[in-house]
$ cat query-v3.cif   # mmCIF, C-alpha atoms and all ligand atoms
data_target
#
loop_
_atom_site.label_atom_id
_atom_site.label_comp_id
_atom_site.auth_asym_id
_atom_site.auth_seq_id
_atom_site.Cartn_x
_atom_site.Cartn_y
_atom_site.Cartn_z
CA MET A 1 0.00 0.00 0.00
CA LEU A 2 2.92 2.28 0.80
CA GLU A 3 6.65 1.86 0.30
CA LEU A 4 9.62 4.13 0.88
CA SER A 5 12.93 2.72 -0.36
CA ASP A 6 16.18 4.40 0.61
CA VAL A 7 14.61 7.87 0.63
CA ASP A 8 16.66 11.04 1.14
CA THR A 9 15.17 14.53 1.37
CA SER A 10 16.66 17.87 2.25
CA TYR A 11 15.52 21.43 2.90
CA ASP A 12 17.79 23.44 0.61
CA ALA A 13 21.25 22.14 1.52
CA VAL A 14 20.20 20.73 4.90
CA PRO A 15 19.69 16.95 4.77
CA MET A 16 16.58 15.71 6.56
CA LEU A 17 15.52 12.14 5.74
CA ARG A 18 18.47 9.84 5.20
CA GLY A 19 18.00 6.40 3.65
CA VAL A 20 14.48 5.95 5.04
CA ALA A 21 12.97 2.57 4.20
CA MET A 22 9.53 1.63 5.44
CA ASN A 23 6.35 0.02 4.20
CA VAL A 24 2.71 -0.50 5.05
CA ARG A 25 1.05 -3.72 3.89
CA PRO A 26 -2.65 -4.20 3.09
CA GLY A 27 -4.80 -4.16 6.22
CA GLU A 28 -2.01 -3.03 8.55
CA LEU A 29 -1.96 -0.18 11.03
CA VAL A 30 1.62 1.04 11.15
CA CYS A 31 2.79 3.67 13.62
CA LEU A 32 5.69 6.03 12.84
CA LEU A 33 7.15 7.43 16.06
CA GLY A 34 9.92 9.84 16.85
CA PRO A 35 10.90 12.82 18.98
CA ASN A 36 10.37 16.46 17.95
CA GLY A 37 12.25 17.32 14.79
CA ALA A 38 12.94 13.67 13.88
CA GLY A 39 11.40 14.17 10.43
CA LYS A 40 7.92 12.68 10.92
CA THR A 41 6.06 15.51 9.18
CA THR A 42 8.75 15.57 6.50
CA THR A 43 8.00 11.88 5.93
CA PHE A 44 4.26 12.69 5.66
CA MET A 45 5.02 15.50 3.18
CA THR A 46 7.33 13.21 1.17
CA VAL A 47 4.72 10.45 0.99
CA CYS A 48 2.16 13.03 -0.21
CA GLY A 49 4.52 14.45 -2.82
CA VAL A 50 4.63 17.92 -1.24
CA VAL A 51 8.34 17.42 -0.51
CA ARG A 52 10.14 15.51 -3.26
CA ALA A 53 12.60 12.71 -2.50
CA GLN A 54 16.09 13.52 -3.80
CA ARG A 55 17.07 9.87 -3.77
CA GLY A 56 15.18 6.61 -3.48
CA LYS A 57 11.57 5.85 -4.29
CA VAL A 58 8.16 6.53 -2.78
CA ALA A 59 5.29 4.33 -3.99
CA VAL A 60 1.70 4.86 -2.85
CA LEU A 61 -0.88 2.23 -3.85
CA GLY A 62 1.62 1.07 -6.46
CA ARG A 63 2.08 4.54 -8.00
CA ASP A 64 5.42 6.33 -8.08
CA MET A 65 5.21 9.69 -6.29
CA ALA A 66 7.98 11.03 -8.56
CA THR A 67 5.29 11.36 -11.23
CA LEU A 68 2.00 11.36 -9.30
CA GLY A 69 0.76 14.75 -8.07
CA THR A 70 -0.52 15.27 -4.51
CA GLU A 71 -3.86 16.38 -5.98
CA ASN A 72 -4.42 12.87 -7.41
CA LEU A 73 -4.09 11.01 -4.11
CA ALA A 74 -7.72 11.37 -2.96
CA ALA A 75 -9.14 9.96 -6.19
CA LEU A 76 -6.63 7.11 -6.00
CA GLY A 77 -8.03 6.10 -2.59
CA VAL A 78 -5.76 7.85 -0.11
CA GLY A 79 -7.24 9.85 2.80
CA LEU A 80 -4.96 12.43 4.42
CA VAL A 81 -5.20 13.90 7.91
CA PRO A 82 -2.49 16.59 8.00
CA GLU A 83 -0.93 18.04 11.14
CA GLY A 84 -3.06 20.89 12.50
CA ARG A 85 -6.30 19.51 10.90
CA ARG A 86 -6.24 22.05 8.05
CA LEU A 87 -10.02 22.46 7.87
CA PHE A 88 -11.54 25.31 5.86
CA PRO A 89 -12.48 27.46 8.87
CA SER A 90 -15.10 29.65 7.17
CA LEU A 91 -16.98 26.65 5.70
CA THR A 92 -19.47 24.56 7.64
CA VAL A 93 -18.75 21.02 8.76
CA ILE A 94 -20.96 19.64 5.96
CA GLU A 95 -19.12 21.76 3.38
CA ASN A 96 -15.73 20.51 4.65
CA LEU A 97 -16.97 16.92 4.43
CA ARG A 98 -18.43 17.53 0.97
CA LEU A 99 -14.98 18.64 -0.25
CA GLY A 100 -13.50 15.39 1.03
CA TYR A 101 -16.23 13.45 -0.73
CA ASP A 102 -15.99 15.35 -4.03
CA ALA A 103 -12.20 14.93 -4.14
CA VAL A 104 -12.89 11.23 -4.63
CA SER A 105 -15.39 12.08 -7.40
CA GLY A 106 -18.42 10.42 -5.90
CA ARG A 107 -17.18 6.83 -5.75
CA GLY A 108 -19.29 4.49 -3.65
CA PRO A 109 -22.58 5.34 -1.93
CA ASN A 110 -24.08 8.82 -2.24
CA PHE A 111 -23.09 11.80 -0.09
CA ALA A 112 -26.14 11.69 2.20
CA ALA A 113 -25.48 8.02 3.00
CA GLN A 114 -21.81 8.70 3.64
CA LEU A 115 -22.63 11.71 5.81
CA ASP A 116 -24.92 9.53 7.88
CA LYS A 117 -22.15 6.96 8.25
CA MET A 118 -19.69 9.61 9.44
CA SER A 119 -22.26 11.01 11.90
CA ASN A 120 -22.64 7.53 13.39
CA LEU A 121 -18.90 7.06 13.67
CA PHE A 122 -18.42 10.54 15.16
CA PRO A 123 -21.48 11.31 17.34
CA ARG A 124 -19.70 14.49 18.53
CA ILE A 125 -20.07 16.14 15.13
CA ARG A 126 -23.61 14.97 14.33
CA GLU A 127 -25.23 18.00 15.99
CA ARG A 128 -22.60 20.38 14.59
CA LEU A 129 -22.94 19.68 10.87
CA ARG A 130 -24.17 23.20 10.06
CA GLN A 131 -21.66 24.97 12.32
CA VAL A 132 -18.75 26.90 10.78
CA ALA A 133 -15.67 24.70 11.23
CA GLY A 134 -13.47 27.49 12.62
CA THR A 135 -15.74 27.81 15.67
CA LEU A 136 -15.50 24.12 16.65
CA SER A 137 -13.43 23.01 19.62
CA GLY A 138 -10.01 21.48 18.89
CA GLY A 139 -11.37 18.00 19.58
CA GLU A 140 -14.35 18.48 17.26
CA GLN A 141 -12.05 19.81 14.54
CA ALA A 142 -9.88 16.69 14.90
CA MET A 143 -12.94 14.49 14.39
CA VAL A 144 -14.06 16.49 11.31
CA ALA A 145 -10.57 16.26 9.79
CA LEU A 146 -10.66 12.48 10.19
CA ALA A 147 -14.24 12.24 8.88
CA ARG A 148 -13.25 14.34 5.84
CA ALA A 149 -10.46 11.86 5.07
CA LEU A 150 -12.76 8.86 5.56
CA ILE A 151 -15.92 10.01 3.78
CA GLY A 152 -14.61 8.94 0.35
CA GLU A 153 -13.94 5.39 1.67
CA PRO A 154 -10.15 5.45 1.18
CA ARG A 155 -8.09 2.26 1.07
CA LEU A 156 -5.19 3.96 2.84
CA VAL A 157 -5.34 6.68 5.50
CA ILE A 158 -2.26 8.66 6.54
CA MET A 159 -2.51 10.68 9.74
CA ASP A 160 0.07 13.18 11.00
CA GLU A 161 0.04 13.63 14.81
CA PRO A 162 -3.76 13.69 15.06
CA SER A 163 -3.77 13.59 18.88
CA LEU A 164 -1.71 16.79 19.25
CA GLY A 165 -3.50 19.24 21.54
CA LEU A 166 -6.34 16.88 22.53
CA SER A 167 -7.28 16.23 26.16
CA PRO A 168 -6.45 12.74 27.53
CA LYS A 169 -10.16 11.77 27.38
CA LEU A 170 -10.46 12.86 23.75
CA ILE A 171 -7.20 11.15 22.83
CA GLY A 172 -8.69 7.89 24.15
CA GLU A 173 -11.85 8.44 22.11
CA TYR A 174 -9.87 9.34 18.99
CA PHE A 175 -7.66 6.26 19.20
CA GLU A 176 -10.70 4.06 19.81
CA ILE A 177 -12.25 5.35 16.55
CA THR A 178 -8.94 4.83 14.73
CA ARG A 179 -8.80 1.25 15.99
CA GLU A 180 -12.38 0.70 14.78
CA ILE A 181 -11.61 2.08 11.29
CA HIS A 182 -8.66 -0.29 11.11
CA ARG A 183 -10.80 -3.20 12.34
CA ARG A 184 -13.23 -2.50 9.47
CA GLY A 185 -10.38 -3.05 7.01
CA THR A 186 -8.77 0.32 6.27
CA THR A 187 -4.98 0.38 6.04
CA ILE A 188 -3.47 3.13 8.18
CA LEU A 189 -0.14 4.91 8.61
CA LEU A 190 -0.35 6.75 11.92
CA ILE A 191 2.39 9.29 12.62
CA GLU A 192 2.36 9.88 16.35
CA GLN A 193 4.39 11.19 19.27
CA ASN A 194 2.24 9.42 21.81
CA ALA A 195 4.09 6.10 21.72
CA GLU A 196 1.94 4.26 24.24
CA MET A 197 -1.30 5.12 22.48
CA GLY A 198 0.04 4.72 18.94
CA LEU A 199 1.76 1.39 19.49
CA GLY A 200 -1.19 0.29 21.64
CA ILE A 201 -3.38 0.06 18.53
CA ALA A 202 -0.72 -0.61 15.85
CA ASP A 203 0.46 -3.85 14.25
CA ARG A 204 3.98 -2.60 13.59
CA GLY A 205 6.03 0.48 14.27
CA TYR A 206 9.05 2.48 13.10
CA VAL A 207 11.06 4.84 15.27
CA LEU A 208 12.55 7.78 13.38
CA VAL A 209 15.49 9.63 14.94
CA LYS A 210 17.33 12.49 13.21
CA GLY A 211 15.93 11.55 9.81
CA LYS A 212 16.82 7.85 10.03
CA VAL A 213 14.86 4.75 10.98
CA ALA A 214 16.52 3.82 14.27
CA GLN A 215 14.29 0.87 15.13
CA GLU A 216 11.37 -1.07 13.68
CA GLY A 217 9.33 -4.12 14.53
CA PRO A 218 6.02 -5.46 15.82
CA ALA A 219 4.23 -2.87 17.98
CA LYS A 220 4.23 -5.12 21.05
CA GLU A 221 8.00 -5.60 20.82
CA LEU A 222 8.66 -1.88 20.45
CA LEU A 223 6.40 -1.12 23.40
CA SER A 224 8.40 -3.42 25.62
CA SER A 225 11.80 -2.54 24.17
CA LYS A 226 14.02 -0.49 26.47
CA ALA A 227 16.12 0.62 23.48
CA ALA A 228 13.05 1.94 21.63
CA ARG A 229 11.87 3.76 24.74
CA SER A 230 15.22 5.43 25.24
CA LEU A 231 15.18 6.56 21.61
CA TYR A 232 11.91 8.43 21.75
CA LEU A 233 11.21 9.21 25.37
N1 LIG B 301 10.07 23.88 5.06
C1 LIG B 301 11.16 23.69 5.81
N2 LIG B 301 12.30 24.36 5.57
C2 LIG B 301 13.40 24.13 6.32
N3 LIG B 301 13.47 23.26 7.35
C3 LIG B 301 12.36 22.57 7.62
C4 LIG B 301 11.14 22.74 6.89
N4 LIG B 301 10.20 21.90 7.43
C5 LIG B 301 10.80 21.27 8.43
N5 LIG B 301 12.10 21.64 8.56
C6 LIG B 301 13.06 21.14 9.55
O1 LIG B 301 13.18 19.73 9.39
C7 LIG B 301 13.31 19.09 10.66
C8 LIG B 301 12.24 17.99 10.80
O2 LIG B 301 10.97 18.61 10.87
P1 LIG B 301 9.63 17.75 10.91
O3 LIG B 301 8.50 18.74 10.97
O4 LIG B 301 9.62 16.77 9.82
O5 LIG B 301 9.80 16.99 12.30
P2 LIG B 301 8.76 16.19 13.18
O6 LIG B 301 9.38 14.89 13.51
O7 LIG B 301 7.42 16.15 12.52
O8 LIG B 301 8.69 17.09 14.49
P3 LIG B 301 7.46 17.50 15.43
O9 LIG B 301 7.11 16.28 16.20
O10 LIG B 301 8.09 18.57 16.30
O11 LIG B 301 6.36 18.03 14.57
C9 LIG B 301 13.20 20.17 11.70
O12 LIG B 301 14.49 20.50 12.16
C10 LIG B 301 12.57 21.33 10.97
O13 LIG B 301 12.98 22.58 11.49
#
$ encode --input "query-v3.cif" --output "C-alpha cells"
Amino acid sequence: MLELSDVDTSYDAVPMLRGVAMNVRPGELVCLLGPNGAGKTTTFMTVCGVVRAQRGKVAVLGRDMATLGTENLAALGVGLVPEGRRLFPSLTVIENLRLGYDAVSGRGPNFAAQLDKMSNLFPRIRERLRQVAGTLSGGEQAMVALARALIGEPRLVIMDEPSLGLSPKLIGEYFEITREIHRRGTTILLIEQNAEMGLGIADRGYVLVKGKVAQEGPAKELLSSKAARSLYL
C-alpha cells in the first residue's frame, strides 16, 4: 500500500531524511514514532509528494510519487489527515466533508449516506454539521478532519500527529475510533508522538530519529523494548 525505499530529502542544503525505508502492507496499522524534529512531518510530506525525494523511491498504492501529483491522491483512494487539521475554517462542517467526498469524485454510496455513516462514527459532530468549522473546539475539529479523510472510503489513510492538543479523554476516544476504522479493514499509517497510544493500537512500528529509521518491529516488541523507549522518550 505504501513503500519508501532508501529515501533522502533535504531542505535546501540541509539533509533531513536519510536512507528511510519503510512500508505499510494491506490491512495493517503502522505507527511512525519519533521525537520532535525527527522528520515525521517531512516523511508525511514526502509520501504526499509535497516534498520531493532527492534519492530513493516513494510508492503509494503502487504509484510512483515522482510522477503522481498530490492532488491525485484522494481519487486514488488515499485519505490524508495533515498536522493541524487544516479544515476550511469559514466553511461549515458539511461543506468541509463535501470537499473530502468530491475529491474522490463520488465513488461508492451517495453523499447523504456517507454523511450519515460519518455522523454515526463521530457522534460528537452529528449535531454540529451546520456549524462553521473554525468555531468548533479542537477535539471536534480533529474528528471532522478524520471524517473528511474517511468520507470517500479510502483504502489507505495517513494521519500526522492527530492527537496533538487533545485532552487525555479525547485522545482515548480518537484512538478508539482509529482502531475501529482499522478493524473494518482500512490500512493506516499513523504518525504519532504518543508512543503508548500509537503502538497500543498498531500492528507494527518504526522509530525515526534524526531523519533515520533507528528501530522497527512489531508494535508489542517496540512497546516493551528499552532501546526503543530510550530513543523516543
Ligand atoms: N520547510 C522547511 N524548511 C526548512 N526546514 C524545515 C522545513 N520543514 C521542516 N524543517 C526542519 O526539518 C526538521 C524535521 O521537521 P519535521 O516537521 O519533519 O519533524 P517532526 O518529527 O514532525 O517534528 P514535530 O514532532 O516537532 O512536529 C526540523 O528540524 C525542521 O525545522
$ closest_atom_pairs --input "query-v3.cif" --of "chain A" --to "ligand LIG 301 (chain B)" --cutoff "12 Å" --atoms "only C-alpha atoms and all ligand atoms" --output "JSON lines"
{"residue": "A:Thr9", "atom": "CA", "partner": "B:LIG301", "partner_atom": "O1", "distance": 9.8}
{"residue": "A:Ser10", "atom": "CA", "partner": "B:LIG301", "partner_atom": "N3", "distance": 8.1}
{"residue": "A:Tyr11", "atom": "CA", "partner": "B:LIG301", "partner_atom": "C2", "distance": 4.8}
{"residue": "A:Asp12", "atom": "CA", "partner": "B:LIG301", "partner_atom": "C2", "distance": 7.2}
{"residue": "A:Ala13", "atom": "CA", "partner": "B:LIG301", "partner_atom": "C2", "distance": 9.4}
{"residue": "A:Val14", "atom": "CA", "partner": "B:LIG301", "partner_atom": "N3", "distance": 7.6}
{"residue": "A:Pro15", "atom": "CA", "partner": "B:LIG301", "partner_atom": "O1", "distance": 8.5}
{"residue": "A:Met16", "atom": "CA", "partner": "B:LIG301", "partner_atom": "O1", "distance": 6.0}
{"residue": "A:Leu17", "atom": "CA", "partner": "B:LIG301", "partner_atom": "C8", "distance": 8.4}
{"residue": "A:Arg18", "atom": "CA", "partner": "B:LIG301", "partner_atom": "C8", "distance": 11.7}
{"residue": "A:Leu32", "atom": "CA", "partner": "B:LIG301", "partner_atom": "O6", "distance": 9.6}
{"residue": "A:Leu33", "atom": "CA", "partner": "B:LIG301", "partner_atom": "O6", "distance": 8.2}
{"residue": "A:Gly34", "atom": "CA", "partner": "B:LIG301", "partner_atom": "O6", "distance": 6.1}
{"residue": "A:Pro35", "atom": "CA", "partner": "B:LIG301", "partner_atom": "O9", "distance": 5.8}
{"residue": "A:Asn36", "atom": "CA", "partner": "B:LIG301", "partner_atom": "O10", "distance": 3.5}
{"residue": "A:Gly37", "atom": "CA", "partner": "B:LIG301", "partner_atom": "O5", "distance": 3.5}
{"residue": "A:Ala38", "atom": "CA", "partner": "B:LIG301", "partner_atom": "O6", "distance": 3.8}
{"residue": "A:Gly39", "atom": "CA", "partner": "B:LIG301", "partner_atom": "O4", "distance": 3.2}
{"residue": "A:Lys40", "atom": "CA", "partner": "B:LIG301", "partner_atom": "O6", "distance": 3.7}
{"residue": "A:Thr41", "atom": "CA", "partner": "B:LIG301", "partner_atom": "O7", "distance": 3.7}
{"residue": "A:Thr42", "atom": "CA", "partner": "B:LIG301", "partner_atom": "O4", "distance": 3.6}
{"residue": "A:Thr43", "atom": "CA", "partner": "B:LIG301", "partner_atom": "O4", "distance": 6.5}
{"residue": "A:Phe44", "atom": "CA", "partner": "B:LIG301", "partner_atom": "O4", "distance": 7.9}
{"residue": "A:Met45", "atom": "CA", "partner": "B:LIG301", "partner_atom": "O4", "distance": 8.2}
{"residue": "A:Thr46", "atom": "CA", "partner": "B:LIG301", "partner_atom": "O4", "distance": 9.6}
{"residue": "A:Val47", "atom": "CA", "partner": "B:LIG301", "partner_atom": "O4", "distance": 11.9}
{"residue": "A:Val50", "atom": "CA", "partner": "B:LIG301", "partner_atom": "N1", "distance": 10.2}
{"residue": "A:Val51", "atom": "CA", "partner": "B:LIG301", "partner_atom": "N1", "distance": 8.7}
{"residue": "A:Arg52", "atom": "CA", "partner": "B:LIG301", "partner_atom": "N1", "distance": 11.8}
{"residue": "A:Pro82", "atom": "CA", "partner": "B:LIG301", "partner_atom": "O7", "distance": 10.9}
{"residue": "A:Glu83", "atom": "CA", "partner": "B:LIG301", "partner_atom": "O11", "distance": 8.1}
{"residue": "A:Gly84", "atom": "CA", "partner": "B:LIG301", "partner_atom": "O11", "distance": 10.1}
{"residue": "A:Met159", "atom": "CA", "partner": "B:LIG301", "partner_atom": "O7", "distance": 11.7}
{"residue": "A:Asp160", "atom": "CA", "partner": "B:LIG301", "partner_atom": "O7", "distance": 8.1}
{"residue": "A:Glu161", "atom": "CA", "partner": "B:LIG301", "partner_atom": "O9", "distance": 7.7}
{"residue": "A:Pro162", "atom": "CA", "partner": "B:LIG301", "partner_atom": "O11", "distance": 11.0}
{"residue": "A:Ser163", "atom": "CA", "partner": "B:LIG301", "partner_atom": "O9", "distance": 11.5}
{"residue": "A:Leu164", "atom": "CA", "partner": "B:LIG301", "partner_atom": "O9", "distance": 9.3}
{"residue": "A:Ile191", "atom": "CA", "partner": "B:LIG301", "partner_atom": "O7", "distance": 8.5}
{"residue": "A:Glu192", "atom": "CA", "partner": "B:LIG301", "partner_atom": "O9", "distance": 8.0}
{"residue": "A:Gln193", "atom": "CA", "partner": "B:LIG301", "partner_atom": "O9", "distance": 6.5}
{"residue": "A:Asn194", "atom": "CA", "partner": "B:LIG301", "partner_atom": "O9", "distance": 10.1}
{"residue": "A:Ala195", "atom": "CA", "partner": "B:LIG301", "partner_atom": "O9", "distance": 12.0}
{"residue": "A:Val207", "atom": "CA", "partner": "B:LIG301", "partner_atom": "O6", "distance": 10.3}
{"residue": "A:Leu208", "atom": "CA", "partner": "B:LIG301", "partner_atom": "O6", "distance": 7.8}
{"residue": "A:Val209", "atom": "CA", "partner": "B:LIG301", "partner_atom": "O6", "distance": 8.2}
{"residue": "A:Lys210", "atom": "CA", "partner": "B:LIG301", "partner_atom": "C8", "distance": 7.9}
{"residue": "A:Gly211", "atom": "CA", "partner": "B:LIG301", "partner_atom": "C8", "distance": 7.5}
{"residue": "A:Lys212", "atom": "CA", "partner": "B:LIG301", "partner_atom": "O6", "distance": 10.8}
{"residue": "A:Val213", "atom": "CA", "partner": "B:LIG301", "partner_atom": "O6", "distance": 11.8}
{"residue": "A:Tyr232", "atom": "CA", "partner": "B:LIG301", "partner_atom": "O9", "distance": 10.7}
$ closest_residue --input "query-v3.cif" --among "A:Glu221, A:Pro123, A:Arg229, A:Tyr206" --to "Ile177 (chain A)" --atoms "only C-alpha atoms"
A:Pro123
$ closest_atom_pairs --input "query-v3.cif" --of "region 150-201 of chain A" --to "region 60-72 of chain A" --cutoff "12 Å" --atoms "all atoms listed in the file" --output "JSON lines"
{"residue": "A:Pro154", "atom": "CA", "partner": "A:Leu61", "partner_atom": "CA", "distance": 11.0}
{"residue": "A:Arg155", "atom": "CA", "partner": "A:Leu61", "partner_atom": "CA", "distance": 8.7}
{"residue": "A:Leu156", "atom": "CA", "partner": "A:Leu61", "partner_atom": "CA", "distance": 8.1}
{"residue": "A:Val157", "atom": "CA", "partner": "A:Val60", "partner_atom": "CA", "distance": 11.1}
{"residue": "A:Ile158", "atom": "CA", "partner": "A:Val60", "partner_atom": "CA", "distance": 10.9}
{"residue": "A:Thr187", "atom": "CA", "partner": "A:Leu61", "partner_atom": "CA", "distance": 10.9}
{"residue": "A:Leu189", "atom": "CA", "partner": "A:Val60", "partner_atom": "CA", "distance": 11.6}
$ residues_near_point --input "query-v3.cif" --point "(-2.1, -2.1, 17.7)" --cutoff "10 Å" --atoms "all atoms listed in the file" --output "PyMOL selection string"
chain A and resi 28-31+179+182+196-205+218-220
$ closest_residue --input "query-v3.cif" --among "A:Ala53, A:Ile188, A:Leu170, A:Leu76" --to "Ser5 (chain A)" --atoms "all atoms listed in the file"
A:Ala53
$ atom_distance --input "query-v3.cif" --atom1 "CA of Glu176 (chain A)" --atom2 "CA of Leu146 (chain A)"
12.8 Å
$ axis_aligned_box --input "query-v3.cif" --around "region 191-210 of chain A" --padding-each-side "4 Å" --output "lines of an AutoDock Vina configuration file"
center_x = 7.0
center_y = 4.3
center_z = 18.4
size_x = 28.7
size_y = 24.3
size_z = 19.6
$ closest_residue --input "query-v3.cif" --among "A:Met143, A:Cys48, A:Ala227, A:Gly27" --to "Arg126 (chain A)" --atoms "all atoms listed in the file"
A:Met143
$ residues_around --input "query-v3.cif" --residues "Phe111 (chain A)" --least-positions-apart "3" --cutoff "9 Å" --atoms "only C-alpha atoms" --output "count of residues only"
10
$ residues_around --input "query-v3.cif" --residues "Glu180 (chain A)" --least-positions-apart "5" --cutoff "10 Å" --atoms "all atoms listed in the file" --output "ChimeraX atom specification"
/A:121,174-175,185-186,201
$ write_last_selection --input "query-v3.cif" --atoms "C-alpha atoms" --output "CSV table (one decimal), keeping the file's coordinate frame"
chain,number,residue,atom,x,y,z
A,121,LEU,CA,-18.9,7.1,13.7
A,174,TYR,CA,-9.9,9.3,19.0
A,175,PHE,CA,-7.7,6.3,19.2
A,185,GLY,CA,-10.4,-3.0,7.0
A,186,THR,CA,-8.8,0.3,6.3
A,201,ILE,CA,-3.4,0.1,18.5
$ closest_residue --input "query-v3.cif" --among "A:Leu97, A:Leu73, A:Ser230, A:Glu216" --to "Ala145 (chain A)" --atoms "only C-alpha atoms"
A:Leu97
$ closest_residue --input "query-v3.cif" --among "A:Gly56, A:Pro26, A:Pro168, A:Gly134" --to "Ser90 (chain A)" --atoms "all atoms listed in the file"
A:Gly134
$ atom_distance --input "query-v3.cif" --atom1 "CA of Arg130 (chain A)" --atom2 "CA of Asn96 (chain A)"
10.4 Å
$ atom_distance --input "query-v3.cif" --atom1 "CA of Gln131 (chain A)" --atom2 "CA of Val144 (chain A)"
11.4 Å
